[in-house]
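Q: For reference, the file input_7.txt (compact mmCIF, C-alpha atoms (C1' of nucleotides)) is included below:
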```txt
# COMPACT_ATOMS: atom_id res chain seq x y z
CA MET A 11 0.00 0.00 0.00
CA GLN A 12 1.56 3.23 -1.21
CA ALA A 13 1.33 6.14 1.19
CA SER A 14 2.55 9.65 1.75
CA LEU A 15 6.26 10.29 2.07
CA LYS A 16 6.31 12.22 5.30
CA HIS A 17 3.70 10.36 7.33
CA PRO A 18 3.26 6.89 5.86
CA ASN A 19 1.97 5.60 9.18
CA PHE A 20 -0.91 8.02 9.33
CA THR A 21 -1.84 7.67 5.68
CA SER A 22 -1.82 3.89 5.52
CA ALA A 23 -3.80 3.66 8.77
CA ILE A 24 -6.50 5.92 7.37
CA LEU A 25 -6.73 3.88 4.19
CA GLU A 26 -6.87 0.59 6.07
CA TRP A 27 -9.50 1.91 8.45
CA TYR A 28 -11.55 3.06 5.46
CA ARG A 29 -11.35 -0.34 3.80
CA ILE A 30 -13.14 -1.80 6.81
CA HIS A 31 -15.48 0.96 7.97
CA GLN A 32 -16.57 2.88 4.88
CA ARG A 33 -20.28 3.48 4.47
CA ASP A 34 -22.14 2.58 1.31
CA LEU A 35 -23.28 6.06 0.21
CA PRO A 36 -25.25 6.61 -3.01
CA TRP A 37 -22.58 8.73 -4.69
CA ARG A 38 -19.64 6.65 -3.52
CA GLY A 39 -17.87 4.86 -6.31
CA SER A 40 -19.09 7.24 -8.98
CA ARG A 41 -16.53 9.16 -11.00
CA ASP A 42 -19.12 11.03 -13.00
CA PRO A 43 -18.38 14.73 -12.43
CA TYR A 44 -22.07 15.61 -12.51
CA ALA A 45 -23.01 13.13 -9.79
CA VAL A 46 -19.96 13.94 -7.67
CA TRP A 47 -20.46 17.70 -8.04
CA LEU A 48 -24.15 17.39 -7.14
CA SER A 49 -23.37 15.35 -4.05
CA GLU A 50 -20.66 17.77 -2.92
CA ILE A 51 -22.84 20.87 -3.23
CA ILE A 52 -25.70 19.22 -1.39
CA MET A 53 -23.43 17.99 1.39
CA GLN A 54 -21.80 21.37 2.08
CA GLN A 55 -22.45 22.14 5.77
CA THR A 56 -25.01 19.37 5.73
CA ARG A 57 -25.19 16.00 7.44
CA VAL A 58 -25.19 12.94 5.21
CA ALA A 59 -28.47 11.78 6.71
CA GLN A 60 -30.15 15.08 5.90
CA GLY A 61 -28.69 15.51 2.41
CA THR A 62 -29.01 11.98 1.05
CA PRO A 63 -32.76 12.11 0.26
CA TYR A 64 -32.20 15.39 -1.56
CA TYR A 65 -29.36 13.86 -3.59
CA ARG A 66 -31.61 11.01 -4.68
CA ARG A 67 -34.48 13.31 -5.62
CA PHE A 68 -32.23 15.67 -7.58
CA LEU A 69 -30.61 12.85 -9.53
CA GLU A 70 -33.99 11.32 -10.27
CA ARG A 71 -35.52 14.60 -11.44
CA PHE A 72 -32.34 15.81 -13.19
CA PRO A 73 -30.47 12.73 -14.47
CA GLU A 74 -28.01 14.86 -16.45
CA VAL A 75 -26.59 18.33 -16.12
CA SER A 76 -28.63 19.44 -19.15
CA ASP A 77 -31.84 18.55 -17.29
CA LEU A 78 -30.81 20.78 -14.42
CA ALA A 79 -29.74 23.55 -16.78
CA THR A 80 -33.07 23.67 -18.60
CA ALA A 81 -35.18 23.63 -15.43
CA SER A 82 -36.43 26.85 -13.88
CA GLU A 83 -34.62 28.27 -10.87
CA GLU A 84 -37.93 28.12 -9.06
CA GLU A 85 -38.18 24.37 -9.53
CA VAL A 86 -34.61 23.91 -8.33
CA LEU A 87 -35.35 25.98 -5.24
CA LYS A 88 -38.53 23.99 -4.60
CA LEU A 89 -36.60 20.72 -4.71
CA TRP A 90 -34.00 22.31 -2.41
CA GLN A 91 -36.65 23.50 0.07
CA GLY A 92 -35.78 22.55 3.64
CA LEU A 93 -32.08 22.06 3.03
CA GLY A 94 -31.05 25.63 3.85
CA TYR A 95 -28.28 27.88 2.53
CA TYR A 96 -30.34 28.54 -0.57
CA SER A 97 -27.51 30.29 -2.40
CA ARG A 98 -26.23 26.75 -2.96
CA ALA A 99 -29.34 25.99 -5.01
CA ARG A 100 -29.12 29.20 -7.01
CA ASN A 101 -25.43 28.60 -7.67
CA LEU A 102 -26.13 24.96 -8.53
CA HIS A 103 -28.56 26.07 -11.20
CA ALA A 104 -26.22 28.77 -12.53
CA ALA A 105 -23.30 26.32 -12.65
CA ALA A 106 -25.38 23.75 -14.52
CA ARG A 107 -26.29 26.37 -17.09
CA LYS A 108 -22.65 27.32 -17.46
CA VAL A 109 -21.59 23.71 -18.04
CA ALA A 110 -24.47 22.94 -20.38
CA PHE A 111 -24.64 26.12 -22.44
CA GLU A 112 -21.09 27.52 -22.37
CA TRP A 113 -18.91 24.45 -22.00
CA GLY A 114 -20.77 22.00 -24.21
CA GLY A 115 -22.09 19.92 -21.34
CA LYS A 116 -18.61 18.98 -20.14
CA PHE A 117 -17.31 19.71 -16.64
CA PRO A 118 -13.83 21.22 -16.32
CA GLU A 119 -11.16 18.59 -15.69
CA SER A 120 -8.78 20.80 -13.73
CA TYR A 121 -8.83 22.25 -10.22
CA LYS A 122 -8.66 25.81 -11.55
CA GLY A 123 -11.39 25.19 -14.08
CA LEU A 124 -13.69 23.73 -11.43
CA LEU A 125 -13.18 26.82 -9.27
CA GLU A 126 -14.85 28.88 -11.98
CA LEU A 127 -18.18 27.20 -11.25
CA PRO A 128 -20.36 29.28 -8.94
CA GLY A 129 -20.71 27.53 -5.60
CA VAL A 130 -17.47 25.58 -6.06
CA GLY A 131 -14.71 26.69 -3.68
CA PRO A 132 -11.38 25.16 -2.69
CA TYR A 133 -12.90 22.19 -0.90
CA THR A 134 -15.38 21.21 -3.61
CA ALA A 135 -12.89 21.73 -6.43
CA ALA A 136 -10.41 19.48 -4.66
CA ALA A 137 -13.07 16.86 -4.04
CA ILE A 138 -14.19 16.71 -7.67
CA ALA A 139 -10.65 16.93 -9.05
CA SER A 140 -9.44 14.07 -6.88
CA ILE A 141 -12.45 11.78 -7.01
CA CYS A 142 -13.21 12.17 -10.72
CA PHE A 143 -9.78 12.85 -12.23
CA GLU A 144 -7.26 11.60 -9.64
CA LEU A 145 -5.66 15.04 -9.50
CA PRO A 146 -3.46 15.34 -6.39
CA HIS A 147 -5.44 17.95 -4.44
CA PRO A 148 -6.12 17.26 -0.74
CA VAL A 149 -9.58 18.09 0.54
CA VAL A 150 -9.74 20.26 3.64
CA ASP A 151 -13.19 20.25 5.19
CA GLY A 152 -14.47 20.25 8.76
CA ASN A 153 -13.55 16.60 9.19
CA VAL A 154 -10.00 17.13 7.98
CA PHE A 155 -9.51 20.14 10.26
CA ARG A 156 -10.55 18.02 13.21
CA VAL A 157 -8.51 14.91 12.39
CA LEU A 158 -5.31 16.76 11.56
CA SER A 159 -5.57 19.26 14.42
CA ARG A 160 -5.88 16.33 16.81
CA TYR A 161 -3.32 13.98 15.32
CA PHE A 162 -0.69 16.73 15.09
CA ASP A 163 -2.07 18.59 18.15
CA VAL A 164 -2.27 21.92 16.32
CA ASP A 165 -3.56 24.90 18.30
CA ILE A 166 -3.62 27.35 15.39
CA PRO A 167 -7.24 28.46 14.90
CA VAL A 168 -8.60 26.79 11.79
CA ASP A 169 -10.85 29.71 10.86
CA THR A 170 -8.03 32.17 10.11
CA GLY A 171 -5.75 32.78 7.15
CA PRO A 172 -2.67 31.30 8.83
CA GLY A 173 -4.70 28.33 10.04
CA ARG A 174 -6.11 27.72 6.61
CA ARG A 175 -2.62 27.77 5.07
CA HIS A 176 -1.17 25.56 7.78
CA PHE A 177 -3.81 22.86 7.39
CA ASP A 178 -3.64 23.02 3.59
CA GLN A 179 0.08 22.29 3.84
CA LEU A 180 -0.42 19.57 6.44
CA ALA A 181 -3.15 17.94 4.37
CA ARG A 182 -0.81 17.97 1.39
CA GLU A 183 1.93 16.26 3.38
CA VAL A 184 -0.22 13.39 4.59
CA MET A 185 -2.11 12.68 1.38
CA ASP A 186 -1.55 9.66 -0.83
CA PRO A 187 -1.21 11.04 -4.36
CA GLY A 188 -1.25 7.51 -5.75
CA GLN A 189 -4.91 7.01 -4.81
CA ILE A 190 -6.00 10.51 -4.01
CA GLY A 191 -9.71 10.10 -4.65
CA ARG A 192 -10.00 7.16 -2.34
CA TYR A 193 -7.69 8.70 0.25
CA ASN A 194 -9.61 11.99 0.42
CA GLN A 195 -12.86 10.17 1.01
CA ALA A 196 -11.16 7.94 3.57
CA LEU A 197 -9.90 10.89 5.62
CA MET A 198 -13.30 12.57 5.63
CA GLU A 199 -15.05 9.32 6.50
CA PHE A 200 -12.60 8.80 9.36
CA GLY A 201 -13.49 12.22 10.72
CA ALA A 202 -17.20 11.62 10.29
CA LEU A 203 -17.30 8.22 12.01
CA GLN A 204 -14.21 7.73 14.20
CA CYS A 205 -12.66 11.10 15.06
CA VAL A 206 -16.04 12.68 15.84
CA PRO A 207 -16.44 16.16 17.37
CA ALA A 208 -17.71 15.11 20.82
CA ASN A 209 -16.52 12.17 22.90
CA PRO A 210 -14.61 10.25 20.24
CA ASP A 211 -13.96 6.60 21.03
CA CYS A 212 -10.18 6.88 21.13
CA ALA A 213 -9.86 3.39 22.59
CA SER A 214 -10.91 1.94 19.25
CA CYS A 215 -8.83 4.33 17.13
CA PRO A 216 -6.04 2.81 15.05
CA LEU A 217 -4.04 6.03 15.44
CA VAL A 218 -4.35 6.44 19.19
CA GLN A 219 -0.72 5.54 19.88
CA SER A 220 0.66 8.31 17.68
CA CYS A 221 -2.10 10.90 18.20
CA GLY A 222 -0.65 14.15 19.54
CA ALA A 223 -3.80 15.48 21.13
CA HIS A 224 -4.53 12.15 22.78
CA ALA A 225 -1.07 12.14 24.34
CA ALA A 226 -1.43 15.77 25.43
CA GLY A 227 -4.97 15.37 26.69
CA THR A 228 -6.22 18.09 24.34
CA ILE A 229 -8.68 16.07 22.27
CA GLY A 230 -11.60 18.08 23.59
CA GLN A 231 -9.89 21.35 22.67
CA ARG A 232 -9.18 20.48 19.04
CA PRO A 233 -9.72 21.98 16.59
CA VAL A 234 -9.24 25.51 17.92
CA LYS A 235 -11.70 28.05 16.51
CA GLN A 236 -11.79 31.74 17.16
CA GLY A 237 -15.09 32.45 15.51
CA LYS A 238 -17.68 33.92 17.81
CA THR A 239 -21.14 33.76 16.34
CA ARG A 240 -23.62 36.18 17.81
CA ILE A 241 -27.28 35.39 17.45
CA ARG A 242 -29.46 38.24 16.27
CA LYS A 243 -33.09 38.53 17.31
CA ARG A 244 -35.61 39.59 14.69
CA TYR A 245 -39.35 40.11 14.92
CA PHE A 246 -41.49 39.07 11.95
CA HIS A 247 -45.19 39.70 11.46
CA TYR A 248 -46.52 37.81 8.47
CA VAL A 249 -49.91 38.85 7.13
CA MET A 250 -51.70 36.17 5.16
CA PRO A 251 -54.48 37.71 3.08
CA ILE A 252 -57.44 35.42 2.47
CA GLY A 253 -59.76 36.22 -0.37
CA PRO A 254 -63.43 35.19 -0.69
CA ASP A 255 -62.40 32.11 -2.67
CA LEU A 256 -59.64 31.30 -0.17
CA GLN A 257 -56.90 32.63 -2.40
CA THR A 258 -53.83 34.21 -0.87
CA LEU A 259 -50.72 36.11 -1.83
CA LEU A 260 -47.06 35.09 -1.71
CA ILE A 261 -44.20 37.50 -2.35
CA ARG A 262 -40.82 36.52 -3.76
CA ARG A 263 -38.06 37.53 -1.38
CA GLY A 264 -35.19 39.50 -2.86
CA GLY A 265 -31.72 40.17 -1.53
CA PRO A 266 -29.64 40.73 0.33
CA GLY A 267 -30.36 38.57 3.35
CA ILE A 268 -31.97 35.26 4.10
CA TRP A 269 -34.18 33.19 1.82
CA GLN A 270 -33.40 34.97 -1.46
CA GLY A 271 -35.68 33.69 -4.20
CA LEU A 272 -38.08 31.98 -1.80
CA TYR A 273 -41.68 33.06 -1.30
CA GLU A 274 -43.37 34.36 1.84
CA PHE A 275 -46.46 36.24 2.91
CA PRO A 276 -46.40 40.05 3.12
CA LEU A 277 -44.05 40.85 5.99
CA LEU A 278 -43.73 43.57 8.59
CA GLU A 279 -40.45 43.43 10.47
CA GLN A 280 -40.90 45.20 13.80
CA GLU A 281 -41.06 44.22 17.45
CA ALA A 282 -44.41 45.76 18.32
CA ASP A 283 -47.65 44.22 17.14
CA PRO A 284 -48.78 45.95 13.97
CA THR A 285 -51.93 48.05 14.15
CA PRO A 286 -54.82 47.40 11.77
CA ALA A 287 -53.73 50.50 9.90
CA GLU A 288 -50.20 49.16 9.47
CA ILE A 289 -51.56 45.84 8.24
CA GLY A 290 -53.83 47.67 5.84
CA ALA A 291 -50.92 49.71 4.52
CA LEU A 292 -48.85 46.55 4.04
CA ILE A 293 -51.59 44.91 2.00
CA THR A 294 -52.04 48.07 -0.04
CA THR A 295 -48.32 48.10 -0.78
CA HIS A 296 -48.50 44.61 -2.25
CA CYS A 297 -52.03 44.57 -3.68
CA GLY A 298 -52.88 48.15 -4.54
CA THR A 299 -55.72 50.34 -3.31
CA ARG A 300 -58.45 48.23 -4.90
CA THR A 301 -57.93 45.57 -2.23
CA THR A 302 -59.87 46.05 0.98
CA ILE A 303 -59.22 44.41 4.32
CA GLY A 304 -61.92 42.86 6.50
CA THR A 305 -61.47 41.01 9.78
CA ILE A 306 -57.91 40.66 11.03
CA THR A 307 -57.10 37.83 13.43
CA ARG A 308 -53.88 36.92 15.17
CA PHE A 309 -53.10 33.29 14.34
CA ASN A 310 -50.57 32.44 17.07
CA ASP A 311 -50.83 33.91 20.55
CA ALA A 312 -47.16 33.71 21.46
CA PRO A 313 -44.55 34.37 18.79
CA ARG A 314 -43.23 31.23 17.16
CA VAL A 315 -39.43 31.15 17.43
CA HIS A 316 -37.75 29.93 14.27
CA LYS A 317 -34.07 29.34 14.92
CA LEU A 318 -31.46 29.81 12.23
CA SER A 319 -27.74 29.52 12.90
CA HIS A 320 -27.26 33.24 13.42
CA GLN A 321 -30.77 34.58 13.88
CA HIS A 322 -33.78 33.83 16.04
CA LEU A 323 -36.95 34.86 14.28
CA TYR A 324 -39.83 35.70 16.63
CA THR A 325 -42.73 35.29 14.30
CA THR A 326 -46.41 36.13 14.55
CA PHE A 327 -48.86 35.23 11.81
CA TRP A 328 -51.94 37.31 11.06
CA LEU A 329 -54.89 36.34 8.90
CA ALA A 330 -56.55 39.17 7.04
CA ARG A 331 -59.84 38.71 5.24
CA ALA A 332 -59.48 40.54 1.96
CA GLU A 333 -61.55 41.40 -1.08
CA GLY A 334 -60.37 42.54 -4.47
CA LEU A 335 -57.06 40.69 -4.37
CA PRO A 336 -54.94 41.17 -7.51
CA GLU A 337 -54.48 38.66 -10.32
CA GLY A 338 -51.35 37.27 -8.69
CA ALA A 339 -53.34 35.82 -5.80
CA LEU A 340 -53.24 32.02 -5.61
CA PRO A 341 -55.32 29.28 -4.03
CA LEU A 342 -53.46 27.64 -1.18
CA SER A 343 -53.00 24.47 -3.22
CA GLU A 344 -51.04 26.41 -5.84
CA ALA A 345 -49.15 28.35 -3.21
CA GLU A 346 -47.75 25.05 -2.01
CA GLU A 347 -46.02 24.58 -5.35
CA LEU A 348 -43.75 27.57 -4.70
CA PRO A 349 -40.44 27.35 -2.83
CA VAL A 350 -40.91 28.69 0.69
CA PRO A 351 -38.86 28.70 3.90
CA VAL A 352 -39.61 25.88 6.34
CA LEU A 353 -41.19 28.46 8.64
CA ILE A 354 -43.77 29.35 5.97
CA ALA A 355 -44.31 25.75 4.90
CA GLU A 356 -45.10 24.72 8.46
CA PHE A 357 -47.50 27.62 8.86
CA MET A 358 -49.33 26.78 5.64
CA ASP A 359 -49.68 23.20 6.85
CA THR A 360 -51.11 24.34 10.16
CA VAL A 361 -53.53 26.73 8.51
CA LYS A 362 -54.72 24.05 6.13
CA ASN A 363 -55.47 21.67 8.98
CA SER A 364 -56.95 24.09 11.48
CA TYR A 365 -58.54 26.95 9.63
CA PHE A 366 -60.32 25.47 6.65
C1' DA B 6 -10.44 39.35 8.07
C1' DA B 7 -15.06 39.25 9.22
C1' DA B 8 -19.91 38.79 8.24
C1' DC B 9 -23.47 36.36 6.26
C1' DC B 10 -26.10 32.37 4.84
C1' DG B 11 -30.59 27.27 7.09
C1' DG B 12 -32.08 23.67 9.12
C1' DG B 13 -31.42 19.81 11.90
C1' DG B 14 -28.79 16.53 15.00
C1' DT B 15 -26.31 15.82 19.24
C1' DG B 16 -24.33 15.74 23.99
C1' DC C 12 -27.86 25.39 25.56
C1' DA C 13 -23.55 25.15 22.49
C1' DC C 14 -21.53 23.08 18.86
C1' DC C 15 -21.33 21.09 14.41
C1' DC C 16 -22.40 19.50 9.75
C1' DA C 17 -18.38 16.37 3.16
C1' DG C 18 -18.20 25.53 2.76
C1' DG C 19 -18.79 29.53 -0.35
C1' DT C 20 -19.60 34.30 -1.27
C1' DT C 21 -19.74 39.00 -0.18
C1' DT C 22 -18.20 43.06 2.16
```
Would it be possible to restate this file's structure as structure tokens?

A:
Amino acid sequence: MQASLKHPNFTSAILEWYRIHQRDLPWRGSRDPYAVWLSEIIMQQTRVAQGTPYYRRFLERFPEVSDLATASEEEVLKLWQGLGYYSRARNLHAAARKVAFEWGGKFPESYKGLLELPGVGPYTAAAIASICFELPHPVVDGNVFRVLSRYFDVDIPVDTGPGRRHFDQLAREVMDPGQIGRYNQALMEFGALQCVPANPDCASCPLVQSCGAHAAGTIGQRPVKQGKTRIRKRYFHYVMPIGPDLQTLLIRRGGPGIWQGLYEFPLLEQEADPTPAEIGALITTHCGTRTTIGTITRFNDAPRVHKLSHQHLYTTFWLARAEGLPEGALPLSEAEELPVPVLIAEFMDTVKNSYF
DNA sequence: AAACCGGGGTG
DNA sequence: CACCCAGGTTT
């Protein structure tokens, strides 16, 4: 078994561990750039268990990159709904169009070329280049940061420029260029299953005897991160207009900010409860002066807290009887065809079951 | 360099 | 509750 020059022990142990413990994932074994790219974008900052159903649905609906390229962005976002980080979906669509319409349906076969795809950064380019084309680029993801920072007991923060450069170099030194695709997947799999973030089972680890952090007792402090993420509180008041024929209105959210391209009900962002006049003005803004508001009822007594990574959304839903809604108004059944945030999808479900 | 971007799982 | 997840883009 060939291995890296500088740390053959580490490299061969990872590969041997992988031979025994690797999971049977749907995209594993494929060297088709489209399938590998799709899996990598979906799995960015996403657990395998959460992303796998999406991967299957995308590949079934879009068997080839041309199918994805000719679809509407709205359909792509709808299929992405619930997975989060929706810029991934918009970039996925844009990248597919680039491959299909500018590059003749063929993915770039170099690291630099792959980086030109929107949504493809250093990690994803290295993953595709190594898995599909056996190009000697080490992947450096969250798993790799953790495994290397522990094995070499590195206390340089991983989320800094110097840290990034240090771990890139380290990853390069321990890689096996002779089977780079397999090795990259092995290292990530090792991080995902063996060298886990909390309470790793070091007793069963094949590298325990040479692990720096284990010897130093610093396993729980690796990797070092400096990032401090403050959570912002926001107060949303969604007003769902309901016409005489139970039609409603959804608005496409623009940028910048969360949920770009997704649909939501007319929104007032303020802490205090909106007055009937404010709700009327909101509806007028979106529907024009021909629309009139009838009874307004508060749907949820206490604000529903929707938690994102960096924001807590304290949300109240209001139902507003309305007449003279514009042409764009939709029956609820059609509204469900549009891509919406999970918060809105859950509300629409509740309304359907309790109100009508 | 730092901020921003989702939703869900886990201890 | 804090942390993390097969990260990338924008400012």

Q: Leaving out Asn153 (chain A) and any residue of its chain fewer than 6 positions from it, which residues lie within 8 Å of it when counting all atoms listed in the file, given as a short mmCIF file (atom, residue, chain, number, x, y, z; two decimals) with C-alpha atoms (C1' of nucleotides), in the frame of the given file?

A:
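The resulting selection.cif:
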```cif
data_model
loop_
_atom_site.label_atom_id
_atom_site.label_comp_id
_atom_site.auth_asym_id
_atom_site.auth_seq_id
_atom_site.Cartn_x
_atom_site.Cartn_y
_atom_site.Cartn_z
CA LEU A 197 -9.90 10.89 5.62
CA MET A 198 -13.30 12.57 5.63
CA GLU A 199 -15.05 9.32 6.50
CA PHE A 200 -12.60 8.80 9.36
CA GLY A 201 -13.49 12.22 10.72
CA ALA A 202 -17.20 11.62 10.29
"C1'" DA C 17 -18.38 16.37 3.16
#
```

Q: Residues within 10 Å of DA8 (chain B), please, as a PDB file with C-alpha atoms (C1' of nucleotides), in the coordinates of the input. Count all atoms listed in the file; anything in the same chain fewer than 4 positions from it doesn't count.

A:
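As written to disk, around-v8.pdb reads:
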```pdb
ATOM      1  CA  THR A 239     -21.140  33.760  16.340  1.00  0.00           C
TER       2      THR A 239
ATOM      3  C1'  DT C  21     -19.740  39.000  -0.180  1.00  0.00           C
ATOM      4  C1'  DT C  22     -18.200  43.060   2.160  1.00  0.00           C
TER       5       DT C  22
END
```

Q: A:Ser97, A:Gly131, A:Asp359, A:Asp178: which is nearest DC9 (chain B), counting only C-alpha atoms (C1' of nucleotides)?

A: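 Of the candidates, the smallest distance to DC9 (chain B) is held by A:Ser97.
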
Q: Using all atoms listed in the file, find each residue of chain C with at least one atom at most 8 Å away from an atom of chain A; report its shortest atom-to-atom pair and that distance in Å (one decimal), sort the rows by chain and rising residue number, and return the result as a Markdown table.

A:
```
| residue | atom | partner | partner_atom | distance |
| --- | --- | --- | --- | --- |
| C:DC15 | C1' | A:Pro207 | CA | 7.5 |
| C:DC16 | C1' | A:Gln55 | CA | 4.8 |
| C:DA17 | C1' | A:Met53 | CA | 5.6 |
| C:DG18 | C1' | A:Gln54 | CA | 5.5 |
| C:DG19 | C1' | A:Gly129 | CA | 5.9 |
```

Q: Please identify every residue of chain B that has at least one atom no more than 8 Å from any atom of chain A, counting all atoms listed in the file, and report them as a list in words.

A: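 The selection requested is DA6, DC9, DC10, DG11, DG12, DG13 and DG16 of chain B.
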
Q: Just the selected residues (C-alpha atoms (C1' of nucleotides)), exported as an mmCIF file, in the coordinates of the input, please.

A:
```
data_model
loop_
_atom_site.group_PDB
_atom_site.id
_atom_site.type_symbol
_atom_site.label_atom_id
_atom_site.label_comp_id
_atom_site.auth_asym_id
_atom_site.auth_seq_id
_atom_site.Cartn_x
_atom_site.Cartn_y
_atom_site.Cartn_z
ATOM 1 C "C1'" DA B 6 -10.440 39.350 8.070
ATOM 2 C "C1'" DC B 9 -23.470 36.360 6.260
ATOM 3 C "C1'" DC B 10 -26.100 32.370 4.840
ATOM 4 C "C1'" DG B 11 -30.590 27.270 7.090
ATOM 5 C "C1'" DG B 12 -32.080 23.670 9.120
ATOM 6 C "C1'" DG B 13 -31.420 19.810 11.900
ATOM 7 C "C1'" DG B 16 -24.330 15.740 23.990
#
```

Q: Have a look at CA of Glu356 (chain A) and CA of Ala330 (chain A) and let me know their distance in Å, one decimal.

A: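 These atoms are spaced 18.5 Å apart.
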
Q: What is the distance, in Å and to one decimal place, between CA of Phe177 (chain A) and CA of Val206 (chain A)?

A: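 These two atoms are separated by 18.0 Å.
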
Q: If we count all atoms listed in the file and set the cut-off at 8 Å, which residues sit around region 254-264 of chain A, ignoring sequence neighbours fewer than 2 positions away in its own chain? Please answer as a list of chain:residue names.

A: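 Surrounding residues, per the criterion: A:Met250, A:Pro251, A:Ile252, A:Pro266, A:Gly267, A:Trp269, A:Gln270, A:Gly271, A:Leu272, A:Tyr273, A:Glu274, A:Phe275, A:Pro276, A:Arg331, A:Ala332, A:Glu333, A:Gly338, A:Ala339, A:Leu340, A:Pro341, A:Leu342, A:Ala345.
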
Q: Deliver the residues from the most recent selection as a file, using C-alpha atoms, as an mmCIF file, keeping the file's coordinate frame.

A:
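What landed in again06.cif:
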```
data_model
loop_
_atom_site.group_PDB
_atom_site.id
_atom_site.type_symbol
_atom_site.label_atom_id
_atom_site.label_comp_id
_atom_site.auth_asym_id
_atom_site.auth_seq_id
_atom_site.Cartn_x
_atom_site.Cartn_y
_atom_site.Cartn_z
ATOM 1 C CA MET A 250 -51.700 36.170 5.160
ATOM 2 C CA PRO A 251 -54.480 37.710 3.080
ATOM 3 C CA ILE A 252 -57.440 35.420 2.470
ATOM 4 C CA PRO A 266 -29.640 40.730 0.330
ATOM 5 C CA GLY A 267 -30.360 38.570 3.350
ATOM 6 C CA TRP A 269 -34.180 33.190 1.820
ATOM 7 C CA GLN A 270 -33.400 34.970 -1.460
ATOM 8 C CA GLY A 271 -35.680 33.690 -4.200
ATOM 9 C CA LEU A 272 -38.080 31.980 -1.800
ATOM 10 C CA TYR A 273 -41.680 33.060 -1.300
ATOM 11 C CA GLU A 274 -43.370 34.360 1.840
ATOM 12 C CA PHE A 275 -46.460 36.240 2.910
ATOM 13 C CA PRO A 276 -46.400 40.050 3.120
ATOM 14 C CA ARG A 331 -59.840 38.710 5.240
ATOM 15 C CA ALA A 332 -59.480 40.540 1.960
ATOM 16 C CA GLU A 333 -61.550 41.400 -1.080
ATOM 17 C CA GLY A 338 -51.350 37.270 -8.690
ATOM 18 C CA ALA A 339 -53.340 35.820 -5.800
ATOM 19 C CA LEU A 340 -53.240 32.020 -5.610
ATOM 20 C CA PRO A 341 -55.320 29.280 -4.030
ATOM 21 C CA LEU A 342 -53.460 27.640 -1.180
ATOM 22 C CA ALA A 345 -49.150 28.350 -3.210
#
```

Q: Please compute the CA of Ala104 (chain A)-CA of Arg71 (chain A) distance, one decimal, in Å.

A: 17.0 Å

Q: At a cut-off of 8 Å, using only C-alpha atoms (C1' of nucleotides), what residues contact region 33-47 of chain A? Leave out same-chain residues fewer than 2 positions from it and give the result as a list in words.

A: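 Within the cut-off, the hits are His31, Ser49, Glu50, Ile51, Thr62, Arg66, Leu69, Glu74, Val75, Phe117, Thr134, Ile138, Ile141, Cys142 and Phe143 of chain A.
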
Q: List as a PyMOL selection string the protein and nucleic acid residues near Trp328 (chain A), meaning an atom at most 10 Å away when all atoms listed in the file are counted, but skip any in the same chain fewer than 6 places from it.

A: chain A and resi 247-251+275+284+289+306-310

Q: Using all atoms listed in the file, can you list as a PyMOL selection string the residues within 12 Å of (-11.8, 20.6, 16.4)?

A: (chain A and resi 151-169+201+205-210+223+228-236) or (chain C and resi 14-15)
